[in-house]
Each structure stands twice: as structure tokens, then as C-alpha cells.
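What follows is a single structure, written as C-alpha cells, with notes after it.
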Amino acid sequence: MIIYGSVVSPFVRKLLGYLGEKGIDFELKGVGIGDPDPGFRAASPLGKMPAMDDDGFLLADSSAIIHYLEARHPEPPLIPADPQQRGRVIWWDEFGDTVFAACSGKMFFNRIVSPKFLGREGDLAAAAQAEAEELPKLLDYLESAIPASGYLVGDRFTLADLAVASPLMNLRHCGACIDAAKHPKTAAWSEAILSRPSLAPWVEKEERMMAKVLAAV
Ligand SMILES: N[C@@H](CCC(=O)N[C@@H](CS)C(=O)NCC(=O)O)C(=O)O
């Protein structure tokens, strides 16, 4: 199975963590934004990452790929069968992808991707607005919702934890670390999720990569 994408994308990171938790073998083919790679273009009609080629079956979108893989590889379940827990996991997946990643994306894209990868100025006002106005409310919500178990749903690790922790890594790249004095549960939870064996090697790899990118003039 081939996965197309870059490790610094929150959607790709979520999928890489999922594959690690499941023990599914894959080859990561690195592609960037707007990449003309024909295999990637065929698998991703909108040119967005991640995309997958599973022995000729082509699919794009992190959630679509994960739902496909969950049906093919049910064990260990990362999307619970229990109706209420399943609903909650999908809620958190949506929250991670469409709300949290949108906010962290404004900061990451405009401060790092645009200037460092695409060679054009980012919208720094949009990044500052996201950090000052959007992010605090999202972190407050997350802080209020993390259960004592340390997992977002059903007292065990699920796709919910992956989907919400992944965009926090992009905040880290922007220097916007979680303040443990203000959001102690979020700080401890995100550290635990991003340190899992399924994610830690990717996190280290992208940290090394980002250090080089940020050091380059
Ligand atoms: N909902 C999609 C979002 C994918 C997405 O927006 N990926 C970004 C990178 S973080 C991308 O490929 N952007 C390129 C573009 O919009 O042209 C998913 O979960 O996979």
C-alpha cells in the first residue's frame, strides 16, 4: 500500500499514527503541495494529501482512508462499535480536521509553509488572529472535555485522540506550545498521545526536518 503525503500535514500525521497503531505495512511516498506526481494526482482528485493506493484501489482524504482501513483491518478497533462512542469519535475527528486543523493551519501555513516551502509571504494577520482569538477558545473547550482516563472517548485510545492531537504538532512547529499552567490536562494528554510508539518516530523526523527548514534563511 502506498500513502502519498508529507509528515508535516496534520491529516497525513493522523493517518500515519493510525497505520502504526494497526500495524499495517505501507510505503510513504513524499509529496508536497501542488505536487504533479501522477500516482498522487490519480489517487487524489483535488490534489490534497493524504491519498492512498491500496493495490490499485485509490482513495483520498484521511477520514475516508481510515474508515476504509478500519473495515479491512478491524483489530484493534480505533472506531468503537458502541453507537454513542462511535458518534463521539466521529465528532472529535471532525473537530480535529475541520476546526482545530483549520485554526492551527492558519498559523502553520502563513508563518511556515507559505514563506519557507512556497516562497511567498504568508498572511501574518490571519495567523495572529487565529492565535489570539480562535485558539484560546478551542484549548479551553478541549481542557474541559478531556476525561480523567486520559483518552477522549471510551476510556481507551481511539481515532479521536489521533485526530485532535495531530494538529497540535503544527502549533508546536509555530512555537505555540500548550501552556501547562493554563491547560494542564491538554498538555499532559497531547504529550502522551504524540509520544505513542505509533507517532513518536514521525514526530522526531518532522522535528528534525522543521529545524532545518526554520534554520535556512
Ligand atoms: N479533509 C482532508 C484535508 C486534506 C488537506 O487539506 N490537506 C492539505 C495539506 S495539510 C493539502 O493537501 N492542501 C493542498 C491544497 O489544498 O491544494 C483530509 O482529511 O485528508
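Chain labels A, B, ... are given in the sequence in which chains occur in the C-alpha cells; within each chain residues are numbered consecutively from 1, and ligands are likewise numbered from 1 in the order shown.
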DSSP on the backbone, then: every residue of range 39-127 of chain A marked strand (DSSP E), written as a PDB file with C-alpha atoms, in the first residue's frame.
ATOM      1  CA  ALA A  51      -4.046   9.847  -0.619  1.00  0.00           C
ATOM      2  CA  MET A  52      -3.738   6.067  -0.833  1.00  0.00           C
ATOM      3  CA  ASP A  53      -3.134   3.398  -3.453  1.00  0.00           C
ATOM      4  CA  ASP A  54      -4.040   0.039  -1.959  1.00  0.00           C
ATOM      5  CA  PHE A  57      -7.743   0.963  -5.050  1.00  0.00           C
ATOM      6  CA  LEU A  58      -7.300   4.740  -4.967  1.00  0.00           C
ATOM      7  CA  LEU A  59      -8.708   6.942  -2.221  1.00  0.00           C
ATOM      8  CA  ALA A  60      -8.096  10.434  -0.835  1.00  0.00           C
TER       9      ALA A  60
END
Go through the chains and note each residue within 10 Å of ligand 1, using only C-alpha atoms and all ligand atoms, then give the set as an mmCIF file with C-alpha atoms, in the first residue's frame.
data_model
loop_
_atom_site.group_PDB
_atom_site.id
_atom_site.type_symbol
_atom_site.label_atom_id
_atom_site.label_comp_id
_atom_site.auth_asym_id
_atom_site.auth_seq_id
_atom_site.Cartn_x
_atom_site.Cartn_y
_atom_site.Cartn_z
ATOM 1 C CA TYR A 4 1.069 9.907 -0.518
ATOM 2 C CA GLY A 5 1.746 12.909 1.672
ATOM 3 C CA SER A 6 4.099 14.920 3.828
ATOM 4 C CA VAL A 7 4.689 14.199 7.511
ATOM 5 C CA VAL A 8 4.044 17.826 8.463
ATOM 6 C CA SER A 9 0.412 17.689 7.317
ATOM 7 C CA PRO A 10 -1.956 17.136 10.269
ATOM 8 C CA PHE A 11 -4.123 14.877 8.094
ATOM 9 C CA VAL A 12 -1.167 12.772 6.966
ATOM 10 C CA ARG A 13 0.181 12.561 10.539
ATOM 11 C CA LYS A 14 -3.212 11.338 11.749
ATOM 12 C CA LEU A 15 -3.177 8.591 9.111
ATOM 13 C CA VAL A 31 4.647 14.694 -1.978
ATOM 14 C CA GLY A 32 4.321 18.423 -1.429
ATOM 15 C CA ILE A 33 1.505 20.909 -2.011
ATOM 16 C CA GLY A 34 0.607 21.069 -5.713
ATOM 17 C CA ASP A 35 2.780 18.016 -6.433
ATOM 18 C CA SER A 44 -6.316 12.493 -5.040
ATOM 19 C CA LEU A 46 -8.388 17.538 -5.586
ATOM 20 C CA GLY A 47 -4.619 17.246 -5.174
ATOM 21 C CA LYS A 48 -4.891 17.154 -1.372
ATOM 22 C CA MET A 49 -2.889 14.894 0.930
ATOM 23 C CA PRO A 50 -3.100 12.218 2.168
ATOM 24 C CA ALA A 51 -4.046 9.847 -0.619
ATOM 25 C CA LEU A 59 -8.708 6.942 -2.221
ATOM 26 C CA ALA A 60 -8.096 10.434 -0.835
ATOM 27 C CA ASP A 61 -8.977 12.124 2.481
ATOM 28 C CA SER A 62 -7.617 10.985 5.841
ATOM 29 C CA SER A 63 -11.035 10.090 7.266
ATOM 30 C CA ALA A 64 -12.188 8.230 4.138
ATOM 31 C CA ILE A 65 -8.950 6.219 4.110
ATOM 32 C CA ILE A 66 -9.210 5.444 7.820
ATOM 33 C CA ASP A 93 -12.416 13.511 14.130
ATOM 34 C CA GLU A 94 -14.463 16.322 12.599
ATOM 35 C CA GLY A 96 -9.717 17.842 14.707
ATOM 36 C CA ASP A 97 -9.947 18.063 10.911
ATOM 37 C CA THR A 98 -12.273 20.964 10.311
ATOM 38 C CA ALA A 101 -6.594 21.898 11.970
ATOM 39 C CA ALA A 102 -8.225 24.930 10.335
ATOM 40 C CA GLY A 105 -3.367 25.622 9.745
ATOM 41 C CA PHE A 108 1.345 26.985 10.296
ATOM 42 C CA PHE A 109 0.554 27.788 6.682
ATOM 43 C CA VAL A 113 4.523 26.764 4.700
ATOM 44 C CA ALA A 163 -7.362 13.360 15.126
ATOM 45 C CA PRO A 167 -2.859 19.390 14.590
ATOM 46 C CA ASN A 170 1.632 22.025 13.860
#
> Which of these residues is nearest to Val99 in chain A, using only C-alpha atoms: A:Glu134, A:Ala127, A:Asp82, A:Pro115?
Replying inline: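 So, comparing all the options, the nearest one is A:Glu134.
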Contact residues around Ser190 in chain A with only C-alpha atoms at 8 Å, ignoring same-chain residues under 3 positions, as a PDB file with all heavy atoms, in the first residue's frame:
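Once written, result.pdb looks like this:
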ATOM      1  N   ALA A 165      -4.951  15.343  18.510  1.00  0.00           N
ATOM      2  CA  ALA A 165      -3.553  15.601  18.886  1.00  0.00           C
ATOM      3  C   ALA A 165      -2.717  15.995  17.668  1.00  0.00           C
ATOM      4  O   ALA A 165      -1.766  16.775  17.790  1.00  0.00           O
ATOM      5  CB  ALA A 165      -2.941  14.378  19.567  1.00  0.00           C
ATOM      6  N   LEU A 168      -2.065  19.594  16.909  1.00  0.00           N
ATOM      7  CA  LEU A 168      -1.292  20.271  17.962  1.00  0.00           C
ATOM      8  C   LEU A 168       0.201  20.282  17.634  1.00  0.00           C
ATOM      9  O   LEU A 168       0.940  21.176  18.053  1.00  0.00           O
ATOM     10  CB  LEU A 168      -1.509  19.571  19.303  1.00  0.00           C
ATOM     11  CG  LEU A 168      -2.863  19.855  19.957  1.00  0.00           C
ATOM     12  CD1 LEU A 168      -3.093  18.938  21.141  1.00  0.00           C
ATOM     13  CD2 LEU A 168      -2.939  21.307  20.400  1.00  0.00           C
ATOM     14  N   THR A 186      -4.765  19.237  28.881  1.00  0.00           N
ATOM     15  CA  THR A 186      -4.467  19.217  27.445  1.00  0.00           C
ATOM     16  C   THR A 186      -2.977  18.992  27.215  1.00  0.00           C
ATOM     17  O   THR A 186      -2.580  18.234  26.325  1.00  0.00           O
ATOM     18  CB  THR A 186      -4.914  20.541  26.793  1.00  0.00           C
ATOM     19  OG1 THR A 186      -6.281  20.749  27.124  1.00  0.00           O
ATOM     20  CG2 THR A 186      -4.755  20.509  25.287  1.00  0.00           C
ATOM     21  N   ALA A 187      -2.148  19.646  28.038  1.00  0.00           N
ATOM     22  CA  ALA A 187      -0.696  19.497  27.888  1.00  0.00           C
ATOM     23  C   ALA A 187      -0.291  18.045  28.136  1.00  0.00           C
ATOM     24  O   ALA A 187       0.463  17.454  27.346  1.00  0.00           O
ATOM     25  CB  ALA A 187       0.033  20.438  28.851  1.00  0.00           C
ATOM     26  N   ILE A 193      -0.188  11.385  23.868  1.00  0.00           N
ATOM     27  CA  ILE A 193      -0.617  10.855  22.550  1.00  0.00           C
ATOM     28  C   ILE A 193       0.519  10.993  21.537  1.00  0.00           C
ATOM     29  O   ILE A 193       0.827  10.047  20.802  1.00  0.00           O
ATOM     30  CB  ILE A 193      -1.884  11.591  22.045  1.00  0.00           C
ATOM     31  CG1 ILE A 193      -3.041  11.452  23.050  1.00  0.00           C
ATOM     32  CG2 ILE A 193      -2.299  11.070  20.654  1.00  0.00           C
ATOM     33  CD1 ILE A 193      -3.481  10.067  23.372  1.00  0.00           C
ATOM     34  N   LEU A 194       1.173  12.143  21.507  1.00  0.00           N
ATOM     35  CA  LEU A 194       2.227  12.354  20.498  1.00  0.00           C
ATOM     36  C   LEU A 194       3.478  11.519  20.807  1.00  0.00           C
ATOM     37  O   LEU A 194       4.335  11.357  19.942  1.00  0.00           O
ATOM     38  CB  LEU A 194       2.576  13.848  20.397  1.00  0.00           C
ATOM     39  CG  LEU A 194       1.462  14.719  19.799  1.00  0.00           C
ATOM     40  CD1 LEU A 194       1.775  16.203  19.970  1.00  0.00           C
ATOM     41  CD2 LEU A 194       1.218  14.405  18.324  1.00  0.00           C
TER      42      LEU A 194
END
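Residue nearest Ala132 in chain A within the list A:Leu159, A:Glu75, A:Met107, A:His67: A:Met107 [criterion: smallest interatomic distance, only C-alpha atoms].
The gap separating CA of Gly154 in chain A from CA of Arg88 in chain A is 9.1 Å, in Å to one decimal.
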Counting only C-alpha atoms, which residues in range 57-154 of chain A sit no more than 9 Å from range 199-214 of chain A? For each one, give the nearest pair of atoms and the distance in Å, sorted by chain then residue number, as a tab-separated table.
residue	atom	partner	partner_atom	distance
A:Ile112	CA	A:Leu214	CA	8.0
A:Lys116	CA	A:Val213	CA	6.9
A:Phe117	CA	A:Val213	CA	8.4
Could you take the residues named above and write them with C-alpha atoms, as a PDB file, in the first residue's frame?
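And here is the file that came out, again.pdb:
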ATOM      1  CA  ILE A 112       5.917  28.476   7.818  1.00  0.00           C
ATOM      2  CA  LYS A 116       9.539  28.517   3.719  1.00  0.00           C
ATOM      3  CA  PHE A 117       8.057  25.997   1.284  1.00  0.00           C
TER       4      PHE A 117
END
>> If you run DSSP on the backbone here, which positions in chain A get helix (DSSP H, G or I)? Please write them as an NGL selection string.
In response: :A and (10-22 or 38-43 or 62-72 or 83-117 or 124-145 or 159-173 or 184-194 or 200-215)
> Given the choices A:Ser104, A:Ala42, A:Pro76, A:Gly20, which gets closest to Leu135 in chain A if the distance is worked out from only C-alpha atoms?
Replying inline: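 Checking each of A:Ser104, A:Ala42, A:Pro76, A:Gly20 against Leu135 in chain A, counting only C-alpha atoms, the winner is A:Ser104.
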>> One decimal, in Å: what's the spacing between CA of Ser114 in chain A and CA of Ser166 in chain A?
In response: 20.0 Å
